[in-house]
Amino acid sequence: MKGRILNGVNHIGSIACGVGSAGWGGALTCGRPAARVDGVWAFSVAAWKRVLLAFGVAFHLLVMRSFAQSDTLSLSQAISLAQEHALSAKKVRMEYGVAQNNVLYNRAELRPQVALGATLPNFYKTTSAVTQPDGTISFLPISQDNSSLNLSASQRVLRTNTLFFAESRLRRYSDFTENGLKNFNSVPFRVGIEQPLNTFNSLKWNRRFYVLEEEIARINLDINREQISGEVVSRFFDLMAAQVNHEIAQTNVENSRKIFAIAEERDRLGKISKSDFLQLELNLNSARQGTVNARRELIRANAELKKAMGWETHSDAIYVLRLPENLQGQAPDAEDAAQKAWMKRPEQKQLEKLLLEADQALELARKNNGWQGSLSATFGWVGTGGLLPQSYQLPQVENFVQLTLRVPLLDGGKRKYSTRSALEQQRYAEAEKEFTELTFKQNVRQLVYQFRELKEDVALGDKSFELARQRYEIANQRYILNDISITDLTYAFNERDSAWRNYISLLRAYWVTYYTLRQLTLSDM
């Protein structure tokens, strides 16, 4: 049956169809025929409600179909992807690998070292000024080769910084002028020792630093996993809030459109003031603008989540997020958690490193500005000959002993002042260690207290959202029946939206606090 045009709107002539009382999921039902007023077909309020709800169902299905084309993502999936693909995870694994290699390099320095050295050839041809007995200078040609070959083995002792070594050398001298002289010098075997006296042992200090840095890097591996989790949780709920705002905006547009359609009919019948009519039109325009802004924020938050995960950054598809079904974790004892957390933290190792640096600076100041010396000694055999075999036939014993000392008699107070500076650094490092430990433990305790309260707060927020949603539905129905004012309807809208956003905000705070505690305590809760 054909409909009539009312104020530019084509209305169905005889039957109005809508959604049953079951809500959005209810069956499509048909209502009674519209009434005829002054020769014009006009809908009853109930018929208007059914028609508008039918349009709402169609719009809702369209929106759900568009979202179904996107990937769904849970919080646990997002965290798992980030821990595998995030750039910060790759960086911390690289740092741990570097720290391990530094320790292995330091250990390799303390293993026996064997090296082969050669200077082959070492030839040069030139002229040299030679003073004659009568005082004149003659320029004589020089053409010679002075090649060498040596094989050495060494071993350094970490504790005393002593170097033991053994070597074998061979040198050949050849004169290519008229003399045609050729000579060999050999060291079949030589052993020796080099012992620094009262000097700074950098190798020993490097060992201590490398071991500490490896421990710090290993702990950072565990911390990074929890840091990534915390970052992803923040970005996940940013996107969740954006999706909620987008859904709220879409719902507000649809509701505002339905209410404005009713207002248009009331305006035609003269049953609404001009001010209220303009207010509803303004609400509809604001809702449409809110949808545009919400969509822009949705795109931004989706990109930030992908960046945090290091996953699918090449794609612009928007995830549809699934809220965590259960709240994980039980609040531990605050004092016990703070104490155990501190024992596992890299900050403790970092402060140990700071104290170690202060000790190193103190020893460096004392050793470099005090007396120093070195002891060197070698024992071996050396031989010479015009032919290579001859240089090894009758080798002679070779001995060498050398002791050097440097004692500062007057240094202008350099040692005293450098030692004072190092002691000041050491005292500050100890004070910083104590302060950092106390503030860290306080932070852990406060987070435990917050975590306890948040679990209850989330439950209350969930209940508030449900109550606000029910009140909004009732207010919406009452306005359709002309039972409440626009102000009351708008207030119900705002309350529902505020309760929805507050619930998502509380969920975010809960999960961020949960993973922050995991990061600080390095333990499952």
# chains A, B, ... in the order shown; residues from 1 in each chain; ligands from 1
call {"tool": "residues_around", "arguments": {"residues": "Gln396 (chain A)", "least_positions_apart": "2", "cutoff": "8 Å", "atoms": "only C-alpha atoms", "output": "number ranges by chain"}}
result
A: 381-383, 394, 398
call {"tool": "residues_around", "arguments": {"residues": "Leu282 (chain A)", "least_positions_apart": "6", "cutoff": "10 Å", "atoms": "only C-alpha atoms", "output": "list in words"}}
result
Ser256, Phe260, Asp276 and Arg288 of chain A
call {"tool": "write_last_selection", "arguments": {"atoms": "C-alpha atoms", "output": "short mmCIF file (atom, residue, chain, number, x, y, z; two decimals), in the first residue's frame"}}
result
data_model
loop_
_atom_site.label_atom_id
_atom_site.label_comp_id
_atom_site.auth_asym_id
_atom_site.auth_seq_id
_atom_site.Cartn_x
_atom_site.Cartn_y
_atom_site.Cartn_z
CA SER A 256 19.50 11.53 18.17
CA PHE A 260 14.76 14.27 16.10
CA ASP A 276 13.55 22.23 22.36
CA ARG A 288 27.56 13.40 14.00
#
call {"tool": "select_by_dssp", "arguments": {"residues": "region 299-509 of chain A", "states": "strand (DSSP E or B)", "output": "list of chain:residue names"}}
result
A:Val320, A:Leu321, A:Arg322, A:Gln372, A:Gly373, A:Ser374, A:Leu375, A:Ser376, A:Ala377, A:Thr378, A:Phe379, A:Gly380, A:Trp381, A:Val382, A:Gly383, A:Thr384, A:Gly385, A:Gln396, A:Val397, A:Glu398, A:Asn399, A:Phe400, A:Val401, A:Gln402, A:Leu403, A:Thr404, A:Leu405, A:Arg406
call {"tool": "write_last_selection", "arguments": {"atoms": "C-alpha atoms", "output": "CSV table (one decimal), in the first residue's frame"}}
result
chain,number,residue,atom,x,y,z
A,320,VAL,CA,38.1,-5.3,17.2
A,321,LEU,CA,39.2,-5.8,20.8
A,322,ARG,CA,37.9,-8.4,23.3
A,372,GLN,CA,105.0,2.6,41.0
A,373,GLY,CA,107.4,0.2,39.5
A,374,SER,CA,107.9,-2.8,37.3
A,375,LEU,CA,110.0,-5.9,37.4
A,376,SER,CA,111.1,-7.6,34.1
A,377,ALA,CA,113.3,-10.7,33.8
A,378,THR,CA,114.1,-13.1,30.9
A,379,PHE,CA,116.3,-16.2,30.5
A,380,GLY,CA,117.1,-17.9,27.2
A,381,TRP,CA,119.7,-18.7,24.6
A,382,VAL,CA,120.9,-16.7,21.6
A,383,GLY,CA,123.1,-17.6,18.6
A,384,THR,CA,124.6,-16.1,15.5
A,385,GLY,CA,126.1,-17.4,12.3
A,396,GLN,CA,124.9,-18.7,24.4
A,397,VAL,CA,123.0,-18.2,27.6
A,398,GLU,CA,121.1,-14.9,27.8
A,399,ASN,CA,119.9,-13.2,31.0
A,400,PHE,CA,118.1,-10.0,31.6
A,401,VAL,CA,116.8,-8.5,34.9
A,402,GLN,CA,115.3,-5.0,35.2
A,403,LEU,CA,113.6,-3.2,38.1
A,404,THR,CA,112.2,0.3,37.7
A,405,LEU,CA,110.7,2.5,40.4
A,406,ARG,CA,109.0,5.9,40.4
call {"tool": "residues_around", "arguments": {"residues": "Ser138 (chain A)", "least_positions_apart": "5", "cutoff": "9 Å", "atoms": "only C-alpha atoms", "output": "PyMOL selection string"}}
result
chain A and resi 128-132
